[in-house]
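Structure data (PDB, C-alpha atoms and all ligand atoms) from my_file_26.pdb:
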ATOM      1  CA  MET S   1     -10.433 135.810 138.062  1.00  0.00           C
ATOM      2  CA  ARG S   2     -10.149 132.113 138.807  1.00  0.00           C
ATOM      3  CA  TRP S   3      -7.543 129.613 137.634  1.00  0.00           C
ATOM      4  CA  TRP S   4      -9.862 128.397 134.877  1.00  0.00           C
ATOM      5  CA  ASP S   5      -9.846 131.909 133.344  1.00  0.00           C
ATOM      6  CA  ILE S   6      -6.062 131.920 132.881  1.00  0.00           C
ATOM      7  CA  ASP S   7      -6.019 130.419 129.342  1.00  0.00           C
ATOM      8  CA  ARG S   8      -8.322 133.140 128.036  1.00  0.00           C
ATOM      9  CA  VAL S   9      -6.500 135.833 130.007  1.00  0.00           C
ATOM     10  CA  LEU S  10      -3.181 134.723 128.475  1.00  0.00           C
ATOM     11  CA  GLU S  11      -4.600 135.057 124.956  1.00  0.00           C
ATOM     12  CA  LEU S  12      -5.498 138.693 125.612  1.00  0.00           C
ATOM     13  CA  GLU S  13      -2.274 139.294 127.533  1.00  0.00           C
ATOM     14  CA  LYS S  14      -0.104 138.190 124.576  1.00  0.00           C
ATOM     15  CA  GLU S  15      -2.118 140.291 122.159  1.00  0.00           C
ATOM     16  CA  LEU S  16      -2.096 143.472 124.284  1.00  0.00           C
ATOM     17  CA  PHE S  17       1.411 143.229 125.789  1.00  0.00           C
ATOM     18  CA  PRO S  18       3.389 141.475 123.020  1.00  0.00           C
ATOM     19  CA  GLU S  19       6.790 142.627 124.321  1.00  0.00           C
ATOM     20  CA  ASP S  20       6.386 141.897 128.015  1.00  0.00           C
ATOM     21  CA  ALA S  21       3.430 139.549 128.494  1.00  0.00           C
ATOM     22  CA  TRP S  22       3.029 137.911 131.893  1.00  0.00           C
ATOM     23  CA  SER S  23       3.562 134.149 131.966  1.00  0.00           C
ATOM     24  CA  ARG S  24       1.014 131.581 133.110  1.00  0.00           C
ATOM     25  CA  GLY S  25       3.046 131.119 136.299  1.00  0.00           C
ATOM     26  CA  MET S  26       2.792 134.812 137.161  1.00  0.00           C
ATOM     27  CA  PHE S  27      -1.000 134.709 137.018  1.00  0.00           C
ATOM     28  CA  TRP S  28      -1.064 131.482 139.035  1.00  0.00           C
ATOM     29  CA  SER S  29       1.129 132.938 141.751  1.00  0.00           C
ATOM     30  CA  GLU S  30      -0.960 136.122 141.944  1.00  0.00           C
ATOM     31  CA  LEU S  31      -4.182 134.111 142.222  1.00  0.00           C
ATOM     32  CA  ALA S  32      -2.622 132.050 145.026  1.00  0.00           C
ATOM     33  CA  HIS S  33      -2.883 135.202 147.178  1.00  0.00           C
ATOM     34  CA  ALA S  34      -6.369 136.209 146.058  1.00  0.00           C
ATOM     35  CA  ARG S  35      -8.625 134.077 148.268  1.00  0.00           C
ATOM     36  CA  GLY S  36      -9.247 133.514 151.937  1.00  0.00           C
ATOM     37  CA  ALA S  37      -8.909 135.552 155.092  1.00  0.00           C
ATOM     38  CA  GLY S  38      -5.326 136.722 154.484  1.00  0.00           C
ATOM     39  CA  ALA S  39      -5.829 137.589 150.796  1.00  0.00           C
ATOM     40  CA  THR S  40      -3.642 140.429 149.499  1.00  0.00           C
ATOM     41  CA  ARG S  41      -4.723 140.362 145.853  1.00  0.00           C
ATOM     42  CA  ARG S  42      -7.914 141.133 143.969  1.00  0.00           C
ATOM     43  CA  TYR S  43      -8.152 139.933 140.355  1.00  0.00           C
ATOM     44  CA  LEU S  44     -11.158 140.562 138.124  1.00  0.00           C
ATOM     45  CA  VAL S  45     -12.367 139.490 134.707  1.00  0.00           C
ATOM     46  CA  ALA S  46     -14.963 141.225 132.548  1.00  0.00           C
ATOM     47  CA  GLU S  47     -17.201 139.051 130.368  1.00  0.00           C
ATOM     48  CA  ASP S  48     -19.463 140.037 127.508  1.00  0.00           C
ATOM     49  CA  ASP S  49     -21.800 137.273 126.294  1.00  0.00           C
ATOM     50  CA  GLY S  50     -19.455 134.659 127.756  1.00  0.00           C
ATOM     51  CA  ARG S  51     -16.380 136.134 126.075  1.00  0.00           C
ATOM     52  CA  LEU S  52     -13.541 137.377 128.284  1.00  0.00           C
ATOM     53  CA  VAL S  53     -13.014 141.021 127.256  1.00  0.00           C
ATOM     54  CA  GLY S  54     -10.939 142.449 130.092  1.00  0.00           C
ATOM     55  CA  TYR S  55      -9.110 141.787 133.328  1.00  0.00           C
ATOM     56  CA  ALA S  56      -7.374 143.673 136.098  1.00  0.00           C
ATOM     57  CA  GLY S  57      -5.507 143.012 139.323  1.00  0.00           C
ATOM     58  CA  LEU S  58      -4.478 144.816 142.480  1.00  0.00           C
ATOM     59  CA  ALA S  59      -1.966 143.873 145.178  1.00  0.00           C
ATOM     60  CA  SER S  60      -1.940 145.306 148.675  1.00  0.00           C
ATOM     61  CA  ALA S  61       0.922 145.443 151.171  1.00  0.00           C
ATOM     62  CA  GLY S  62       0.075 147.140 154.432  1.00  0.00           C
ATOM     63  CA  ASP S  63      -1.704 150.361 153.555  1.00  0.00           C
ATOM     64  CA  LEU S  64      -0.184 150.528 150.065  1.00  0.00           C
ATOM     65  CA  GLY S  65      -2.009 149.248 146.980  1.00  0.00           C
ATOM     66  CA  ASP S  66      -0.481 148.558 143.583  1.00  0.00           C
ATOM     67  CA  VAL S  67      -2.325 148.208 140.280  1.00  0.00           C
ATOM     68  CA  GLN S  68      -0.611 145.116 138.889  1.00  0.00           C
ATOM     69  CA  THR S  69      -2.378 144.954 135.548  1.00  0.00           C
ATOM     70  CA  ILE S  70      -5.371 146.286 133.631  1.00  0.00           C
ATOM     71  CA  ALA S  71      -6.366 145.322 130.106  1.00  0.00           C
ATOM     72  CA  VAL S  72      -9.335 145.577 127.756  1.00  0.00           C
ATOM     73  CA  ALA S  73      -9.776 143.702 124.433  1.00  0.00           C
ATOM     74  CA  ARG S  74      -9.058 146.013 121.511  1.00  0.00           C
ATOM     75  CA  ASP S  75     -12.590 145.970 120.137  1.00  0.00           C
ATOM     76  CA  GLN S  76     -13.953 147.003 123.551  1.00  0.00           C
ATOM     77  CA  GLN S  77     -11.485 149.798 124.250  1.00  0.00           C
ATOM     78  CA  GLY S  78     -12.964 153.261 124.537  1.00  0.00           C
ATOM     79  CA  THR S  79     -16.296 151.933 125.807  1.00  0.00           C
ATOM     80  CA  GLY S  80     -15.647 152.726 129.469  1.00  0.00           C
ATOM     81  CA  LEU S  81     -14.686 149.191 130.468  1.00  0.00           C
ATOM     82  CA  GLY S  82     -11.200 150.270 131.576  1.00  0.00           C
ATOM     83  CA  ALA S  83     -12.808 152.823 133.863  1.00  0.00           C
ATOM     84  CA  ARG S  84     -15.116 150.182 135.312  1.00  0.00           C
ATOM     85  CA  LEU S  85     -12.247 147.774 135.974  1.00  0.00           C
ATOM     86  CA  LEU S  86     -10.231 150.546 137.612  1.00  0.00           C
ATOM     87  CA  THR S  87     -13.219 151.481 139.737  1.00  0.00           C
ATOM     88  CA  GLU S  88     -13.464 147.883 140.969  1.00  0.00           C
ATOM     89  CA  LEU S  89      -9.737 147.837 141.777  1.00  0.00           C
ATOM     90  CA  LEU S  90     -10.118 151.029 143.803  1.00  0.00           C
ATOM     91  CA  ARG S  91     -13.087 149.478 145.588  1.00  0.00           C
ATOM     92  CA  ALA S  92     -10.804 146.556 146.465  1.00  0.00           C
ATOM     93  CA  ALA S  93      -8.069 148.963 147.596  1.00  0.00           C
ATOM     94  CA  THR S  94     -10.618 150.638 149.851  1.00  0.00           C
ATOM     95  CA  ALA S  95     -11.635 147.254 151.288  1.00  0.00           C
ATOM     96  CA  PHE S  96      -7.936 146.453 151.899  1.00  0.00           C
ATOM     97  CA  GLU S  97      -7.756 149.829 153.706  1.00  0.00           C
ATOM     98  CA  CYS S  98      -5.059 151.179 151.384  1.00  0.00           C
ATOM     99  CA  ALA S  99      -4.223 154.829 152.065  1.00  0.00           C
ATOM    100  CA  GLU S 100      -2.644 155.135 148.630  1.00  0.00           C
ATOM    101  CA  VAL S 101      -2.444 153.228 145.362  1.00  0.00           C
ATOM    102  CA  MET S 102       0.562 153.214 143.031  1.00  0.00           C
ATOM    103  CA  LEU S 103       1.001 152.018 139.487  1.00  0.00           C
ATOM    104  CA  GLU S 104       3.585 151.876 136.740  1.00  0.00           C
ATOM    105  CA  CYS S 105       2.723 152.635 133.141  1.00  0.00           C
ATOM    106  CA  ARG S 106       4.821 152.723 129.970  1.00  0.00           C
ATOM    107  CA  VAL S 107       5.802 156.326 129.312  1.00  0.00           C
ATOM    108  CA  ASP S 108       4.403 156.049 125.763  1.00  0.00           C
ATOM    109  CA  ASN S 109       0.976 154.759 126.919  1.00  0.00           C
ATOM    110  CA  THR S 110      -0.853 158.077 126.972  1.00  0.00           C
ATOM    111  CA  ARG S 111      -4.304 156.489 126.742  1.00  0.00           C
ATOM    112  CA  ALA S 112      -3.820 154.587 129.991  1.00  0.00           C
ATOM    113  CA  GLN S 113      -2.281 157.662 131.644  1.00  0.00           C
ATOM    114  CA  LYS S 114      -5.344 159.731 130.739  1.00  0.00           C
ATOM    115  CA  LEU S 115      -7.582 157.161 132.372  1.00  0.00           C
ATOM    116  CA  TYR S 116      -5.474 157.134 135.537  1.00  0.00           C
ATOM    117  CA  GLU S 117      -5.372 160.933 135.683  1.00  0.00           C
ATOM    118  CA  ARG S 118      -9.140 161.066 135.439  1.00  0.00           C
ATOM    119  CA  PHE S 119      -9.275 158.980 138.610  1.00  0.00           C
ATOM    120  CA  GLY S 120      -6.891 161.316 140.404  1.00  0.00           C
ATOM    121  CA  PHE S 121      -3.567 159.506 139.909  1.00  0.00           C
ATOM    122  CA  ALA S 122      -0.648 161.957 139.695  1.00  0.00           C
ATOM    123  CA  PRO S 123       2.785 161.280 138.160  1.00  0.00           C
ATOM    124  CA  ILE S 124       5.507 161.066 140.816  1.00  0.00           C
ATOM    125  CA  GLY S 125       8.560 159.773 138.950  1.00  0.00           C
ATOM    126  CA  PHE S 126      10.111 157.372 136.468  1.00  0.00           C
ATOM    127  CA  ARG S 127      11.620 153.907 136.609  1.00  0.00           C
ATOM    128  CA  ARG S 128      14.278 153.732 133.943  1.00  0.00           C
ATOM    129  CA  GLY S 129      14.219 150.592 131.786  1.00  0.00           C
ATOM    130  CA  TYR S 130      11.395 149.084 133.847  1.00  0.00           C
ATOM    131  CA  TYR S 131       9.905 147.231 130.866  1.00  0.00           C
ATOM    132  CA  GLN S 132      12.254 144.603 129.521  1.00  0.00           C
ATOM    133  CA  PRO S 133      13.396 143.409 127.031  1.00  0.00           C
ATOM    134  CA  GLY S 134      12.320 146.620 125.258  1.00  0.00           C
ATOM    135  CA  ASN S 135      14.110 148.813 127.872  1.00  0.00           C
ATOM    136  CA  VAL S 136      11.128 151.192 128.048  1.00  0.00           C
ATOM    137  CA  ASP S 137      10.805 153.569 131.023  1.00  0.00           C
ATOM    138  CA  ALA S 138       7.846 153.445 133.385  1.00  0.00           C
ATOM    139  CA  LEU S 139       5.962 156.454 134.639  1.00  0.00           C
ATOM    140  CA  VAL S 140       5.072 155.937 138.306  1.00  0.00           C
ATOM    141  CA  MET S 141       1.716 157.350 139.374  1.00  0.00           C
ATOM    142  CA  ARG S 142       0.111 157.645 142.788  1.00  0.00           C
ATOM    143  CA  LEU S 143      -3.413 158.117 144.063  1.00  0.00           C
ATOM    144  CA  THR S 144      -4.061 159.090 147.659  1.00  0.00           C
ATOM    145  CA  ASP S 145      -7.337 158.086 149.297  1.00  0.00           C
ATOM    146  CA  PRO S 146      -8.700 155.648 146.662  1.00  0.00           C
ATOM    147  CA  SER S 147     -12.166 155.666 148.251  1.00  0.00           C
ATOM    148  CA  SER S 148     -12.712 159.253 147.099  1.00  0.00           C
ATOM    149  CA  SER S 149     -12.179 158.311 143.421  1.00  0.00           C
ATOM    150  CA  LEU S 150     -14.884 155.669 143.150  1.00  0.00           C
ATOM    151  CA  GLU S 151     -17.109 156.330 140.156  1.00  0.00           C
ATOM    152  CA  ASP S 152     -20.604 154.962 139.817  1.00  0.00           C
ATOM    153  CA  VAL S 153     -20.400 153.265 136.413  1.00  0.00           C
ATOM    154  CA  GLN S 154     -22.349 150.337 134.988  1.00  0.00           C
ATOM    155  CA  GLY S 155     -22.099 147.957 132.047  1.00  0.00           C
ATOM    156  CA  THR S 156     -20.281 144.695 131.206  1.00  0.00           C
ATOM    157  CA  GLU S 157     -20.351 142.050 133.917  1.00  0.00           C
ATOM    158  CA  ILE S 158     -17.239 142.055 136.123  1.00  0.00           C
ATOM    159  CA  ASN S 159     -16.436 139.099 138.397  1.00  0.00           C
ATOM    160  CA  GLY S 160     -13.774 138.302 140.958  1.00  0.00           C
TER
HETATM  161  C1  LIG F 201      -5.689 151.350 129.003  1.00  0.00           C
HETATM  162  C2  LIG F 201      -6.996 150.578 128.846  1.00  0.00           C
HETATM  163  C3  LIG F 201      -7.110 149.543 129.952  1.00  0.00           C
HETATM  164  C4  LIG F 201      -8.160 151.568 128.954  1.00  0.00           C
HETATM  165  O1  LIG F 201      -9.364 150.851 128.803  1.00  0.00           O
HETATM  166  P1  LIG F 201     -10.596 151.455 127.965  1.00  0.00           P
HETATM  167  O2  LIG F 201     -11.739 150.534 128.132  1.00  0.00           O
HETATM  168  O3  LIG F 201     -10.170 151.784 126.588  1.00  0.00           O
HETATM  169  O4  LIG F 201     -10.849 152.778 128.789  1.00  0.00           O
HETATM  170  P2  LIG F 201     -12.092 153.729 128.748  1.00  0.00           P
HETATM  171  O5  LIG F 201     -13.041 153.400 127.633  1.00  0.00           O
HETATM  172  O6  LIG F 201     -12.612 153.749 130.129  1.00  0.00           O
HETATM  173  O7  LIG F 201     -11.408 155.113 128.359  1.00  0.00           O
HETATM  174  C5  LIG F 201     -10.364 155.611 129.117  1.00  0.00           C
HETATM  175  C6  LIG F 201      -9.746 156.795 128.407  1.00  0.00           C
HETATM  176  O8  LIG F 201      -9.008 156.337 127.286  1.00  0.00           O
HETATM  177  C7  LIG F 201      -9.065 157.317 126.262  1.00  0.00           C
HETATM  178  N1  LIG F 201      -9.631 156.728 125.062  1.00  0.00           N
HETATM  179  C8  LIG F 201     -10.735 155.983 124.976  1.00  0.00           C
HETATM  180  N2  LIG F 201     -10.934 155.608 123.714  1.00  0.00           N
HETATM  181  C9  LIG F 201      -9.940 156.142 122.993  1.00  0.00           C
HETATM  182  C10 LIG F 201      -9.597 156.073 121.634  1.00  0.00           C
HETATM  183  N3  LIG F 201     -10.349 155.400 120.733  1.00  0.00           N
HETATM  184  N4  LIG F 201      -8.465 156.697 121.240  1.00  0.00           N
HETATM  185  C11 LIG F 201      -7.715 157.372 122.139  1.00  0.00           C
HETATM  186  N5  LIG F 201      -7.988 157.449 123.441  1.00  0.00           N
HETATM  187  C12 LIG F 201      -9.097 156.845 123.860  1.00  0.00           C
HETATM  188  C13 LIG F 201      -9.872 158.420 126.775  1.00  0.00           C
HETATM  189  O9  LIG F 201      -9.019 159.375 127.362  1.00  0.00           O
HETATM  190  C14 LIG F 201     -10.706 157.793 127.850  1.00  0.00           C
HETATM  191  O10 LIG F 201     -11.065 158.729 128.787  1.00  0.00           O
HETATM  192  P3  LIG F 201     -12.435 159.561 128.609  1.00  0.00           P
HETATM  193  O11 LIG F 201     -13.535 158.593 128.940  1.00  0.00           O
HETATM  194  O12 LIG F 201     -12.296 160.667 129.604  1.00  0.00           O
HETATM  195  O13 LIG F 201     -12.508 160.025 127.195  1.00  0.00           O
HETATM  196  C15 LIG F 201      -7.087 149.909 127.457  1.00  0.00           C
HETATM  197  O14 LIG F 201      -6.917 150.881 126.471  1.00  0.00           O
HETATM  198  C16 LIG F 201      -6.113 148.771 127.265  1.00  0.00           C
HETATM  199  O15 LIG F 201      -6.353 147.639 127.648  1.00  0.00           O
HETATM  200  N6  LIG F 201      -4.959 149.040 126.612  1.00  0.00           N
HETATM  201  C17 LIG F 201      -3.969 148.015 126.319  1.00  0.00           C
HETATM  202  C18 LIG F 201      -3.352 147.477 127.596  1.00  0.00           C
HETATM  203  C19 LIG F 201      -2.781 148.590 128.447  1.00  0.00           C
HETATM  204  O16 LIG F 201      -2.141 149.487 127.942  1.00  0.00           O
HETATM  205  N7  LIG F 201      -3.022 148.513 129.763  1.00  0.00           N
HETATM  206  C20 LIG F 201      -2.548 149.509 130.723  1.00  0.00           C
HETATM  207  C21 LIG F 201      -1.157 149.233 131.134  1.00  0.00           C
HETATM  208  S1  LIG F 201      -0.506 150.533 132.174  1.00  0.00           S
END
Would you mind giving the structure from this file in structure tokens?
Amino acid sequence: MRWWDIDRVLELEKELFPEDAWSRGMFWSELAHARGAGATRRYLVAEDDGRLVGYAGLASAGDLGDVQTIAVARDQQGTGLGARLLTELLRAATAFECAEVMLECRVDNTRAQKLYERFGFAPIGFRRGYYQPGNVDALVMRLTDPSSSLEDVQGTEING
């Protein structure tokens, strides 16, 4: 993901996360840490025939990775793109030498949880009222040794 992708990312973001969409500034500040020798972020976009159909981001701090976001356009969901984006994030986590990767997910988002479980993420707790203003709890999930969960999947073009 580059700064010129942000407009299209925001369109999808507002559609997919209507209650707690990230702002333009949040994407800008994440991307500020995504390039160069000391980079701690990896942000990806997936394009299909020039259309932006998905994006995902990972942050690393020491040997801990955190899935910051992952999203697929509604008409592309269920095609395996989410799995491909997650695979690329875990590849990034491996490159950052993360020993484990954490994520938060709305407790009612069973589809996303199924995807994460398939990759070996296990639930480890809850964060009460994590999603505001809706006051929805987050399920916290953890994956140890991300390099062992890399799947060999192919399809839609994914770029950094
Ligand atoms: C969660 C999300 C990223 C998954 O992406 P995706 O491209 O649909 O994922 P995949 O096609 O790789 O499928 C992942 C799993 O979702 C489930 N799934 C797929 N299509 C489904 C459908 N039509 N109905 C219900 N579940 C479905 C399946 O469990 C699938 O696993 P499987 O391949 O073992 O069957 C996507 O649904 C999305 O963007 N949702 C809205 C934003 C969001 O919730 N992001 C995650 C925040 S924590």
(message) Take the PyMOL selection byres (((chain S and resi 56-64) around 9) and not hetatm), run it mentally on this structure, and tell me the resulting residues as JSON, numbers by chain.
(response) {"S": [1, 30, 33, 34, 39, 40, 41, 42, 43, 44, 45, 46, 54, 55, 65, 66, 67, 68, 69, 70, 71, 72, 82, 85, 86, 88, 89, 90, 92, 93, 96, 97, 98, 99, 100, 101, 102]}
(request) Could I get the residue neighbourhood of ligand LIG 201 (chain F) at 6 Å, counting all atoms listed in the file, as a PyMOL selection string? (result) chain S and resi 16+70-72+77-83+105+111-112+114-115
(request) Counting only C-alpha atoms, figure out which residue out of S:Gly38, S:Gln132, S:Leu103, S:Asp7 gets nearest to S:Arg24. (result) S:Asp7
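You will find atom CA of S:Arg2 at 16.0 Å from atom CA of S:Trp22.
Taking atom CA of S:Ile124 as the reference point, atom CA of S:Pro146 is found at 16.3 Å.
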(message) What does the structure give for the distance between atom CA of S:Arg84 and atom CA of S:Leu143, in Å to one decimal?
(response) 16.6 Å
(message) Which residues, named as in the file, does the PyMOL selection byres (((chain S and resi 121) around 8) and not hetatm) pick out? Answer as a PyMOL selection string.
(response) chain S and resi 116-120+122-123+141-144
Just-selected residues, C-alpha atoms written as a compact mmCIF listing (two decimals), in the frame of the given file:
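Below is the file result_38.txt, written as the result:
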# COMPACT_ATOMS: atom_id res chain seq x y z
CA TYR S 116 -5.47 157.13 135.54
CA GLU S 117 -5.37 160.93 135.68
CA ARG S 118 -9.14 161.07 135.44
CA PHE S 119 -9.28 158.98 138.61
CA GLY S 120 -6.89 161.32 140.40
CA ALA S 122 -0.65 161.96 139.70
CA PRO S 123 2.78 161.28 138.16
CA MET S 141 1.72 157.35 139.37
CA ARG S 142 0.11 157.65 142.79
CA LEU S 143 -3.41 158.12 144.06
CA THR S 144 -4.06 159.09 147.66
(request) Write out as an MDAnalysis selection string which residues come within 10 Å of S:Asp48 when counting only C-alpha atoms, dropping same-chain ones fewer than 2 positions away. (result) chainID S and resid 46 50:54 76 155:158
Please write the residues from the selection above to a file, keeping C-alpha atoms, as a PDB file, keeping the file's coordinate frame.
ATOM      1  CA  ALA S  46     -14.963 141.225 132.548  1.00  0.00           C
ATOM      2  CA  GLY S  50     -19.455 134.659 127.756  1.00  0.00           C
ATOM      3  CA  ARG S  51     -16.380 136.134 126.075  1.00  0.00           C
ATOM      4  CA  LEU S  52     -13.541 137.377 128.284  1.00  0.00           C
ATOM      5  CA  VAL S  53     -13.014 141.021 127.256  1.00  0.00           C
ATOM      6  CA  GLY S  54     -10.939 142.449 130.092  1.00  0.00           C
ATOM      7  CA  GLN S  76     -13.953 147.003 123.551  1.00  0.00           C
ATOM      8  CA  GLY S 155     -22.099 147.957 132.047  1.00  0.00           C
ATOM      9  CA  THR S 156     -20.281 144.695 131.206  1.00  0.00           C
ATOM     10  CA  GLU S 157     -20.351 142.050 133.917  1.00  0.00           C
ATOM     11  CA  ILE S 158     -17.239 142.055 136.123  1.00  0.00           C
TER      12      ILE S 158
END
(request) Name the closest residue to S:Val140 among the candidates S:Gly125, S:Gly36, S:Ala21, S:Gln154; distances are taken between atoms, counting only C-alpha atoms. (result) S:Gly125
(message) With all atoms listed in the file as the counted atoms, please give the residues lying no more than 6 Å from S:Ala138, apart from itself and same-chain residues fewer than 6 positions off, as a list in words.
(response) Glu104, Cys105, Arg106, Val107, Phe126, Arg127 and Tyr130 of chain S
(request) Compare S:Asn159, S:Ser23, S:Asn109, S:Ser149 by their minimum atom-to-atom distance to S:Asp137, counting all atoms listed in the file, and give me the closest one. (result)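 Checking each of S:Asn159, S:Ser23, S:Asn109, S:Ser149 against S:Asp137, counting all atoms listed in the file, the winner is S:Asn109.
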(message) I need the residue nearest S:Arg8 from this list: S:Leu150, S:Ala73, S:Ala37, S:Val136. Use all atoms listed in the file for the distance.
(response)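 Among the listed residues, the smallest separation from S:Arg8 belongs to S:Ala73.
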